[in-house]
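**Student:** What follows is final-v5.cif, mmCIF, C-alpha atoms.
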```cif
data_final
loop_
_atom_site.label_atom_id
_atom_site.label_comp_id
_atom_site.auth_asym_id
_atom_site.auth_seq_id
_atom_site.Cartn_x
_atom_site.Cartn_y
_atom_site.Cartn_z
CA MET A 1 7.79 12.94 3.18
CA MET A 2 9.96 13.15 6.30
CA LEU A 3 11.51 16.37 4.97
CA LYS A 4 8.19 18.09 5.64
CA GLU A 5 8.70 17.42 9.36
CA ARG A 6 12.45 17.61 9.48
CA GLU A 7 12.70 18.99 13.01
CA ARG A 8 10.52 16.22 14.42
CA PHE A 9 12.33 13.35 12.74
CA ASP A 10 15.77 14.85 13.25
CA LYS A 11 15.09 14.72 16.98
CA GLN A 12 13.63 11.21 16.83
CA LEU A 13 16.68 9.91 14.97
CA ARG A 14 19.14 11.65 17.28
CA ASP A 15 17.29 10.34 20.34
CA SER A 16 17.79 6.85 18.87
CA GLY A 17 21.52 7.48 18.60
CA TYR A 18 21.78 8.24 14.88
CA GLN A 19 23.31 11.18 13.05
CA PRO A 20 20.87 12.34 10.34
CA VAL A 21 22.17 13.66 7.03
CA TRP A 22 19.62 15.90 5.35
CA PRO A 23 20.40 16.58 1.66
CA LYS A 24 18.71 19.24 -0.44
CA VAL A 25 16.09 17.55 -2.60
CA LYS A 26 13.00 18.71 -4.50
CA GLN A 27 11.31 15.58 -5.86
CA PHE A 28 13.93 12.83 -5.62
CA LEU A 29 17.69 12.36 -5.86
CA THR A 30 19.10 11.52 -9.27
CA GLU A 31 21.85 8.93 -9.63
CA ASN A 32 24.46 11.72 -9.64
CA ASP A 33 22.91 13.29 -6.53
CA CYS A 34 23.09 9.95 -4.75
CA LEU A 35 26.71 9.37 -5.73
CA LYS A 36 27.69 12.64 -4.05
CA LEU A 37 26.19 11.49 -0.75
CA VAL A 38 26.80 7.77 -0.35
CA GLY A 39 29.92 6.05 0.93
CA ASP A 40 29.79 7.55 4.39
CA VAL A 41 26.30 6.52 5.50
CA ASP A 42 25.18 3.38 7.32
CA GLY A 43 21.44 3.59 6.71
CA TRP A 44 19.24 5.16 4.04
CA LEU A 45 15.71 6.41 4.60
CA ALA A 46 14.85 6.57 0.91
CA GLY A 47 12.21 8.33 -1.15
CA ASP A 48 11.89 7.75 -4.90
CA ASP A 49 15.62 8.23 -5.37
CA GLN A 50 17.46 6.63 -8.31
CA ILE A 51 19.31 3.98 -6.33
CA THR A 52 21.09 2.19 -9.16
CA ARG A 53 23.74 -0.52 -9.08
CA THR A 54 26.39 2.18 -9.49
CA VAL A 55 25.04 4.00 -6.45
CA LEU A 56 24.86 0.83 -4.37
CA GLU A 57 28.39 -0.20 -5.28
CA ALA A 58 29.60 3.25 -4.20
CA ALA A 59 27.62 2.96 -0.95
CA SER A 60 28.98 -0.50 -0.14
CA PRO A 61 30.31 -1.89 2.10
CA ARG A 62 29.36 0.75 4.64
CA LEU A 63 25.64 0.95 3.76
CA LYS A 64 23.83 -1.62 5.91
CA VAL A 65 20.16 -1.05 5.06
CA ILE A 66 17.74 0.87 2.83
CA SER A 67 14.39 1.64 4.43
CA LYS A 68 12.08 2.87 1.68
CA TRP A 69 9.35 5.33 2.66
CA GLY A 70 6.11 3.96 1.20
CA THR A 71 5.38 0.88 -0.85
CA GLY A 72 6.97 1.22 -4.29
CA VAL A 73 10.58 0.08 -4.68
CA ASP A 74 10.86 0.41 -8.47
CA SER A 75 13.49 3.15 -8.13
CA ILE A 76 15.85 0.75 -6.33
CA ASP A 77 17.95 -1.86 -8.15
CA ARG A 78 16.81 -4.78 -6.00
CA THR A 79 19.06 -7.28 -7.78
CA ALA A 80 22.13 -5.16 -7.07
CA ALA A 81 21.06 -4.74 -3.45
CA GLU A 82 20.77 -8.51 -3.08
CA ASP A 83 24.16 -9.03 -4.73
CA LEU A 84 25.73 -6.61 -2.27
CA GLU A 85 23.73 -8.03 0.65
CA ILE A 86 22.02 -4.73 1.42
CA PRO A 87 18.50 -5.41 2.73
CA VAL A 88 15.68 -3.26 1.34
CA PHE A 89 12.52 -2.70 3.39
CA ASN A 90 9.25 -0.95 2.56
CA SER A 91 5.69 -0.77 3.91
CA PRO A 92 3.61 -3.00 1.62
CA GLY A 93 -0.12 -2.37 1.54
CA ALA A 94 0.13 0.67 3.79
CA PHE A 95 -1.74 3.00 1.45
CA SER A 96 -4.33 0.62 0.01
CA HIS A 97 -7.30 2.42 1.57
CA ALA A 98 -6.00 5.95 0.94
CA VAL A 99 -5.07 5.39 -2.70
CA ALA A 100 -8.25 3.44 -3.48
CA GLU A 101 -10.39 6.30 -2.18
CA VAL A 102 -8.66 8.71 -4.56
CA ALA A 103 -9.21 6.28 -7.45
CA LEU A 104 -12.93 6.24 -6.60
CA HIS A 105 -12.93 10.03 -6.51
CA TYR A 106 -11.52 10.12 -10.03
CA MET A 107 -14.15 7.67 -11.26
CA LEU A 108 -17.06 9.52 -9.70
CA SER A 109 -15.85 13.02 -10.57
CA LEU A 110 -15.10 12.14 -14.19
CA SER A 111 -18.22 10.10 -14.90
CA ARG A 112 -20.52 12.73 -13.36
CA HIS A 113 -18.45 15.68 -14.69
CA LEU A 114 -18.20 17.17 -11.19
CA VAL A 115 -14.87 18.95 -11.59
CA GLN A 116 -15.81 20.25 -15.04
CA VAL A 117 -19.15 21.57 -13.70
CA ASP A 118 -17.30 23.35 -10.89
CA ARG A 119 -14.95 25.01 -13.41
CA ASP A 120 -17.84 26.09 -15.64
CA ILE A 121 -19.82 27.57 -12.76
CA ARG A 122 -16.80 29.62 -11.74
CA ARG A 123 -16.74 30.97 -15.31
CA GLY A 124 -20.36 32.11 -14.99
CA HIS A 125 -22.09 29.16 -16.67
CA TRP A 126 -24.77 26.82 -15.33
CA PRO A 127 -24.17 23.42 -17.04
CA LYS A 128 -26.35 20.31 -16.77
CA PRO A 129 -24.27 17.48 -18.31
CA LEU A 130 -25.43 13.88 -18.24
CA GLY A 131 -23.20 11.28 -16.64
CA ILE A 132 -23.05 7.56 -16.02
CA GLU A 133 -23.60 5.77 -12.73
CA LEU A 134 -20.87 3.65 -11.24
CA SER A 135 -23.55 1.09 -10.44
CA GLN A 136 -24.10 0.57 -14.18
CA SER A 137 -20.41 0.36 -15.02
CA LYS A 138 -17.65 -2.18 -15.51
CA VAL A 139 -14.44 -1.42 -13.64
CA GLY A 140 -11.24 -3.04 -14.86
CA ILE A 141 -8.22 -3.00 -12.56
CA VAL A 142 -4.69 -3.64 -13.77
CA GLY A 143 -2.73 -5.07 -10.86
CA PHE A 144 -4.74 -6.78 -8.14
CA GLY A 145 -2.64 -6.48 -5.03
CA ALA A 146 -3.70 -4.64 -1.88
CA ILE A 147 -4.54 -1.37 -3.63
CA GLY A 148 -6.20 -3.03 -6.63
CA GLN A 149 -8.38 -5.20 -4.43
CA ARG A 150 -9.42 -2.24 -2.31
CA ILE A 151 -10.39 -0.31 -5.47
CA GLY A 152 -12.40 -3.35 -6.51
CA ASP A 153 -14.11 -3.59 -3.14
CA LEU A 154 -15.10 0.09 -3.11
CA SER A 155 -16.28 -0.09 -6.72
CA GLY A 156 -18.32 -3.18 -5.92
CA SER A 157 -19.97 -1.44 -2.99
CA PHE A 158 -21.32 1.10 -5.52
CA GLY A 159 -22.74 -1.74 -7.58
CA ALA A 160 -20.10 -1.84 -10.31
CA SER A 161 -19.01 -5.08 -11.97
CA VAL A 162 -15.34 -5.64 -11.14
CA TYR A 163 -12.72 -7.27 -13.37
CA PHE A 164 -8.97 -7.43 -13.08
CA PHE A 165 -5.81 -8.28 -14.98
CA ASP A 166 -2.89 -9.58 -12.95
CA PRO A 167 -0.30 -12.09 -14.24
CA GLN A 168 -0.05 -13.53 -10.72
CA LYS A 169 -3.78 -14.22 -10.39
CA ASN A 170 -5.99 -16.14 -12.81
CA GLU A 171 -8.96 -17.09 -10.63
CA GLU A 172 -11.87 -15.05 -9.34
CA VAL A 173 -11.27 -13.16 -6.09
CA ALA A 174 -13.97 -12.83 -3.44
CA LEU A 175 -14.09 -9.31 -2.03
CA THR A 176 -16.25 -7.97 0.77
CA SER A 177 -18.74 -6.34 -1.61
CA THR A 178 -18.51 -8.47 -4.74
CA VAL A 179 -16.57 -11.11 -6.68
CA ALA A 180 -13.85 -9.83 -9.03
CA LEU A 181 -13.31 -11.80 -12.21
CA PRO A 182 -10.02 -12.21 -14.11
CA LYS A 183 -9.79 -10.90 -17.66
CA SER A 184 -7.05 -10.55 -20.26
CA LEU A 185 -5.55 -7.11 -20.74
CA GLU A 186 -7.24 -6.91 -24.14
CA GLU A 187 -10.63 -7.73 -22.60
CA ILE A 188 -10.09 -5.05 -19.95
CA ALA A 189 -9.43 -2.51 -22.72
CA ASN A 190 -12.38 -3.59 -24.87
CA GLU A 191 -15.07 -4.01 -22.23
CA CYS A 192 -14.52 -1.74 -19.23
CA ASP A 193 -15.90 1.75 -18.58
CA PHE A 194 -13.15 2.57 -16.10
CA ILE A 195 -9.62 1.18 -16.26
CA CYS A 196 -7.61 1.69 -13.08
CA LEU A 197 -3.86 1.15 -12.95
CA ALA A 198 -2.77 -0.22 -9.57
CA CYS A 199 0.25 -2.33 -10.49
CA ASN A 200 3.94 -2.03 -9.73
CA TYR A 201 6.19 -0.50 -12.37
CA THR A 202 8.88 -2.68 -13.93
CA SER A 203 10.96 -2.44 -17.08
CA GLU A 204 8.68 -5.11 -18.57
CA ASN A 205 5.49 -3.06 -18.24
CA HIS A 206 6.94 0.28 -19.33
CA HIS A 207 4.24 2.01 -21.42
CA LEU A 208 1.86 -0.85 -20.80
CA ILE A 209 -0.85 1.66 -21.71
CA ASN A 210 0.18 2.64 -25.23
CA ALA A 211 -1.51 3.75 -28.44
CA LYS A 212 -2.67 0.21 -29.22
CA PHE A 213 -4.30 -0.22 -25.79
CA LEU A 214 -5.93 3.22 -25.92
CA ASN A 215 -7.33 2.55 -29.38
CA GLU A 216 -8.97 -0.60 -28.04
CA MET A 217 -10.73 1.28 -25.24
CA LYS A 218 -14.34 2.37 -25.59
CA SER A 219 -14.88 6.01 -26.51
CA ASN A 220 -16.88 6.54 -23.30
CA ALA A 221 -14.25 4.92 -21.07
CA TYR A 222 -11.91 6.60 -18.58
CA LEU A 223 -8.31 5.80 -17.63
CA ILE A 224 -7.32 6.13 -13.96
CA ASN A 225 -3.66 5.99 -12.92
CA VAL A 226 -2.79 5.88 -9.22
CA ALA A 227 0.26 3.65 -9.74
CA ARG A 228 3.28 4.95 -11.68
CA GLY A 229 3.51 7.45 -14.52
CA GLN A 230 5.85 5.32 -16.61
CA LEU A 231 3.08 2.77 -17.12
CA VAL A 232 1.43 5.17 -19.58
CA ASP A 233 2.73 6.56 -22.86
CA GLU A 234 1.67 10.15 -22.21
CA ARG A 235 2.05 11.27 -25.83
CA ALA A 236 -0.33 8.51 -26.90
CA LEU A 237 -2.71 9.42 -24.06
CA GLU A 238 -2.74 13.09 -25.09
CA LYS A 239 -3.66 12.10 -28.64
CA ALA A 240 -6.38 9.71 -27.46
CA ILE A 241 -8.00 12.39 -25.31
CA ALA A 242 -7.67 15.14 -27.91
CA SER A 243 -9.27 12.95 -30.60
CA GLY A 244 -12.08 11.72 -28.36
CA GLN A 245 -10.82 8.15 -28.54
CA ILE A 246 -11.39 7.93 -24.77
CA ALA A 247 -13.64 10.01 -22.53
CA GLY A 248 -10.97 11.30 -20.15
CA ALA A 249 -8.50 10.44 -17.42
CA GLY A 250 -7.71 10.81 -13.73
CA LEU A 251 -3.95 10.96 -13.22
CA ASP A 252 -2.14 11.14 -9.91
CA VAL A 253 1.23 10.23 -11.46
CA PHE A 254 3.18 11.19 -14.58
CA GLU A 255 6.22 10.21 -16.60
CA THR A 256 7.96 13.42 -15.49
CA GLU A 257 7.20 14.83 -12.06
CA PRO A 258 6.30 17.52 -11.26
CA LEU A 259 4.15 17.68 -14.39
CA PRO A 260 5.88 20.07 -16.85
CA VAL A 261 4.19 23.44 -17.20
CA ASP A 262 3.89 22.93 -20.97
CA SER A 263 2.18 19.54 -20.69
CA ILE A 264 -0.85 19.29 -22.98
CA LEU A 265 -2.63 17.35 -20.24
CA ARG A 266 -3.15 20.66 -18.42
CA ASN A 267 -5.43 21.84 -21.22
CA PHE A 268 -8.13 19.17 -21.03
CA ASP A 269 -11.26 19.75 -18.93
CA ASN A 270 -11.94 16.00 -18.95
CA VAL A 271 -8.63 15.22 -17.22
CA ILE A 272 -8.20 15.47 -13.45
CA LEU A 273 -4.60 16.02 -12.36
CA GLY A 274 -3.02 14.97 -9.07
CA SER A 275 0.43 15.53 -7.57
CA HIS A 276 1.51 11.94 -6.81
CA ASN A 277 -0.23 12.40 -3.50
CA ALA A 278 -3.02 9.80 -3.47
CA ASN A 279 -1.54 8.47 -0.23
CA ASN A 280 -2.22 11.72 1.62
CA ALA A 281 -4.18 10.23 4.53
CA LEU A 282 -2.93 11.25 7.97
CA ALA A 283 -3.22 7.86 9.68
CA ALA A 284 -1.61 5.98 6.80
CA VAL A 285 1.24 8.47 6.47
CA GLU A 286 2.02 8.37 10.18
CA ASN A 287 2.01 4.58 10.14
CA VAL A 288 4.52 4.59 7.28
CA HIS A 289 6.70 7.16 9.05
CA GLN A 290 7.06 4.93 12.08
CA ASN A 291 7.35 1.66 10.13
CA THR A 292 10.12 3.17 8.02
CA LEU A 293 12.04 4.10 11.15
CA ARG A 294 11.43 0.65 12.67
CA ASN A 295 12.73 -1.02 9.52
CA LEU A 296 15.89 1.07 9.68
CA ASP A 297 16.48 0.39 13.34
CA SER A 298 15.78 -3.33 12.98
CA VAL A 299 19.05 -3.66 11.07
CA LEU A 300 21.27 -0.90 12.44
CA SER A 301 20.54 -1.65 16.08
CA ARG A 302 21.30 -5.32 15.52
CA LYS A 303 24.61 -4.43 13.91
CA GLN A 304 25.27 -2.00 16.76
CA VAL A 305 25.76 0.80 14.28
CA LYS A 306 24.93 4.28 15.54
CA GLU A 307 26.28 6.46 12.82
CA GLU A 308 25.06 8.47 9.85
CA VAL A 309 21.60 8.01 8.31
CA LEU A 310 20.70 9.55 4.96
CA THR A 311 17.24 11.01 5.53
CA LEU A 312 14.85 12.14 2.78
#
```
Reformat the file's structure so that it appears as structure tokens.
**Tutor:**
Amino acid sequence: MMLKERERFDKQLRDSGYQPVWPKVKQFLTENDCLKLVGDVDGWLAGDDQITRTVLEAASPRLKVISKWGTGVDSIDRTAAEDLEIPVFNSPGAFSHAVAEVALHYMLSLSRHLVQVDRDIRRGHWPKPLGIELSQSKVGIVGFGAIGQRIGDLSGSFGASVYFFDPQKNEEVALTSTVALPKSLEEIANECDFICLACNYTSENHHLINAKFLNEMKSNAYLINVARGQLVDERALEKAIASGQIAGAGLDVFETEPLPVDSILRNFDNVILGSHNANNALAAVENVHQNTLRNLDSVLSRKQVKEEVLTL
């Protein structure tokens, strides 16, 4: 995200006594990309780069800190970082409001067919589809941290019944608008009208949403993913949507990003596509910008290092 305002942050870093290194990057740096850059940098302002053990070993011992832009750190080998005593910082909970609002948009737009109606009108039609009200719905949330709880709170304010699955929580959670009740993952699949993914990605929950899960969903239910693309088996999702097994999906994230031009998901009118940009709220983004820089400086200034910073 800082690349979008390179001139601004280049000056801010230089004014703080650092020498920014700005690599060419489209979406994120692969492991090979990282290996070409590390070894001569003291701090790393990281995006979703593939920071593996191999990369960290090549960066050590000079690398003193990784300051991750945003909340997710699944692209960083945290165990390797701990082994090499390289602290990793992020901004937990920073986008809970922004991402939850996008999740609500997906729910409302899909259930009331708003995007599909817009498309049809542009084609010269005048459709009148029936939808379902959020107030009459059950919302199931997978992962009940800051983002999941905010989705639950907003859903509850519309009158929805809120349920969640989270291995770390097995008791009801009181929200501002309602009380969220714990359910098993199977119960979430079987009972809920909207299933929102808001959990971290780990190797253990890769393809958590697979053919079996999708087959257990109701045919009038929608899948919402504002977490990580790798949580969903996209081939299984494509089949479930094409066959009418589920009603549709709202997807801000994908297994491969940007979404390939030949992806079948582009062909469905009952799928809303995002660009891994559910955090695009000005106040939240600016807060993360500055927190990311503070996290970097909290280590480098203490170590009296004023050298090169890899900036993405």
**Student:** Using all atoms listed in the file, which protein or nucleic acid residues come within 7 Å of Asp233 of chain A? Drop anything in the same chain fewer than 5 positions from it, and give the result as a VMD selection string.
**Tutor:** chain A and resid 207 209 to 210
**Student:** Hey, can you spit out that residue selection with C-alpha atoms as a compact mmCIF listing (two decimals), in the frame of the given file?
**Tutor:**
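Saved as selection_5.txt:
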```txt
# COMPACT_ATOMS: atom_id res chain seq x y z
CA HIS A 207 4.24 2.01 -21.42
CA ILE A 209 -0.85 1.66 -21.71
CA ASN A 210 0.18 2.64 -25.23
```
**Student:** With all atoms listed in the file as the atoms that count, which of A:Glu31, A:Glu171, A:Asp269, A:Glu191 lies nearest to Arg53 of chain A?
**Tutor:**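 For Arg53 of chain A, the nearest of the given residues is A:Glu31.
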**Student:** Against segment 93-113 of chain A, which residues of segment 283-307 of chain A fall within 12 Å? For each one I want the closest pair of atoms and the distance in Å (one decimal), counting all atoms listed in the file, rows by chain and increasing residue number, as JSON lines.
**Tutor:**
```
{"residue": "A:Ala283", "atom": "CA", "partner": "A:Ala98", "partner_atom": "CA", "distance": 9.4}
{"residue": "A:Ala284", "atom": "CA", "partner": "A:Phe95", "partner_atom": "CA", "distance": 6.1}
{"residue": "A:Val285", "atom": "CA", "partner": "A:Phe95", "partner_atom": "CA", "distance": 8.0}
{"residue": "A:Glu286", "atom": "CA", "partner": "A:Ala94", "partner_atom": "CA", "distance": 10.2}
{"residue": "A:Asn287", "atom": "CA", "partner": "A:Ala94", "partner_atom": "CA", "distance": 7.7}
{"residue": "A:Val288", "atom": "CA", "partner": "A:Ala94", "partner_atom": "CA", "distance": 6.8}
{"residue": "A:His289", "atom": "CA", "partner": "A:Ala94", "partner_atom": "CA", "distance": 10.6}
{"residue": "A:Gln290", "atom": "CA", "partner": "A:Ala94", "partner_atom": "CA", "distance": 11.6}
{"residue": "A:Asn291", "atom": "CA", "partner": "A:Ala94", "partner_atom": "CA", "distance": 9.7}
{"residue": "A:Thr292", "atom": "CA", "partner": "A:Ala94", "partner_atom": "CA", "distance": 11.1}
```
**Student:** Just the residues within 10 Å of Asn270 of chain A, please, counting all atoms listed in the file, with nothing from its chain fewer than 2 positions along; format it as a list in words.
**Tutor:**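 Neighbouring residues, sequence-local ones excluded: Ser109, Leu110, Ser111, His113, Val115, Gln116, Tyr222, Ile241, Ala242, Ile246, Ala247, Gly248, Ala249, Gly250, Leu265, Arg266, Asn267, Phe268, Ile272 and Leu273 of chain A.
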**Student:** The PyMOL selection byres ((chain A and resi 88) around 9) on the file shown: which residues, as a PyMOL selection string?
**Tutor:** chain A and resi 65-68+73+76+78+81-82+86-87+89-90+295
**Student:** Please measure the separation of atom CA of Val232 of chain A and atom CA of Leu130 of chain A, giving the value in Å to one decimal.
**Tutor:**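 Separating atom CA of Val232 of chain A from atom CA of Leu130 of chain A is a distance of 28.3 Å.
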**Student:** Could you tell me how far atom CA of Ala281 of chain A sits from atom CA of Asp10 of chain A, in Å to one decimal place?
**Tutor:**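 Computing it gives 22.3 Å between the two atoms.
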**Student:** Within 10 Å of (-7.4, -8.7, -21.6) (file coordinates; all atoms listed in the file), which protein or nucleic acid residues are there? I'd like them as a PyMOL selection string.
**Tutor:** chain A and resi 140+142+163-166+182-191+213
**Student:** What does the distance from atom CA of Ala58 of chain A to atom CA of Leu35 of chain A come to in Å, to one decimal?
**Tutor:**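 Atom CA of Leu35 of chain A lies 6.9 Å from atom CA of Ala58 of chain A.
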**Student:** Find the residue from A:Ser60, A:Gln149, A:Asn220, A:Thr54 that sits nearest to Asp40 of chain A; use all atoms listed in the file when measuring.
**Tutor:**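 Among the listed residues, the smallest separation from Asp40 of chain A belongs to A:Ser60.
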**Student:** From the list A:Ile147, A:Ala80, A:Met2, A:Leu63, which residue is nearest Gly47 of chain A when using only C-alpha atoms?
**Tutor:**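 Of A:Ile147, A:Ala80, A:Met2, A:Leu63, the one nearest Gly47 of chain A, counting only C-alpha atoms, is A:Met2.
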**Student:** Quick one: residues within 9 Å of (5.5, 11.8, -15.5) (file frame), counting all atoms listed in the file, please, as a VMD selection string.
**Tutor:** chain A and resid 228 to 230 232 234 253 to 260
**Student:** Please produce an output containing C-alpha atoms for each residue in the selection, written as a short mmCIF file (atom, residue, chain, number, x, y, z; two decimals), keeping the file's coordinate frame.
**Tutor:**
```cif
data_model
loop_
_atom_site.label_atom_id
_atom_site.label_comp_id
_atom_site.auth_asym_id
_atom_site.auth_seq_id
_atom_site.Cartn_x
_atom_site.Cartn_y
_atom_site.Cartn_z
CA ARG A 228 3.28 4.95 -11.68
CA GLY A 229 3.51 7.45 -14.52
CA GLN A 230 5.85 5.32 -16.61
CA VAL A 232 1.43 5.17 -19.58
CA GLU A 234 1.67 10.15 -22.21
CA VAL A 253 1.23 10.23 -11.46
CA PHE A 254 3.18 11.19 -14.58
CA GLU A 255 6.22 10.21 -16.60
CA THR A 256 7.96 13.42 -15.49
CA GLU A 257 7.20 14.83 -12.06
CA PRO A 258 6.30 17.52 -11.26
CA LEU A 259 4.15 17.68 -14.39
CA PRO A 260 5.88 20.07 -16.85
#
```
**Student:** Centre and edge lengths, as JSON, for the axis-aligned box enclosing every listed atom of segment 56-69 of chain A with 3 Å of padding on each of the six sides, in Å to one decimal?
**Tutor:**
```
{"center_x": 19.8, "center_y": 1.7, "center_z": 0.3, "size_x": 27.0, "size_y": 13.2, "size_z": 17.2}
```
**Student:** May I ask which of the residues A:Trp22, A:Gly131, A:Lys64, A:Lys11 is the closest one to Arg302 of chain A, counting all atoms listed in the file?
**Tutor:**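 Of the candidates, the smallest distance to Arg302 of chain A is held by A:Lys64.
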**Student:** Counting only C-alpha atoms, figure out which residue out of A:Ala59, A:Val271, A:Ile132, A:Leu208 gets nearest to Val41 of chain A.
**Tutor:**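 Selected residue with least distance to Val41 of chain A: A:Ala59.
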**Student:** Restricting the calculation to all atoms listed in the file, which member of A:Asn279, A:Leu13, A:Pro92, A:Ala211 is positioned closest to Arg235 of chain A?
**Tutor:**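 Under the stated criterion, the closest residue is A:Ala211.
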**Student:** For the file shown, report as a ChimeraX atom specification the outcome of the PyMOL selection byres ((chain A and resi 18) around 10) at residue level.
**Tutor:** /A:10-17,19-21,42-43,297,300,305-309
**Student:** Which residues match the PyMOL selection byres ((chain A and resi 74) around 10) in the file above, as a PDB file with C-alpha atoms, in the coordinates of the input?
**Tutor:**
```pdb
ATOM      1  CA  ASP A  48      11.890   7.750  -4.900  1.00  0.00           C
ATOM      2  CA  ASP A  49      15.620   8.230  -5.370  1.00  0.00           C
ATOM      3  CA  GLN A  50      17.460   6.630  -8.310  1.00  0.00           C
ATOM      4  CA  ILE A  51      19.310   3.980  -6.330  1.00  0.00           C
ATOM      5  CA  THR A  71       5.380   0.880  -0.850  1.00  0.00           C
ATOM      6  CA  GLY A  72       6.970   1.220  -4.290  1.00  0.00           C
ATOM      7  CA  VAL A  73      10.580   0.080  -4.680  1.00  0.00           C
ATOM      8  CA  SER A  75      13.490   3.150  -8.130  1.00  0.00           C
ATOM      9  CA  ILE A  76      15.850   0.750  -6.330  1.00  0.00           C
ATOM     10  CA  ASP A  77      17.950  -1.860  -8.150  1.00  0.00           C
ATOM     11  CA  ARG A  78      16.810  -4.780  -6.000  1.00  0.00           C
ATOM     12  CA  ASN A 200       3.940  -2.030  -9.730  1.00  0.00           C
ATOM     13  CA  TYR A 201       6.190  -0.500 -12.370  1.00  0.00           C
ATOM     14  CA  THR A 202       8.880  -2.680 -13.930  1.00  0.00           C
ATOM     15  CA  SER A 203      10.960  -2.440 -17.080  1.00  0.00           C
ATOM     16  CA  ARG A 228       3.280   4.950 -11.680  1.00  0.00           C
TER      17      ARG A 228
END
```
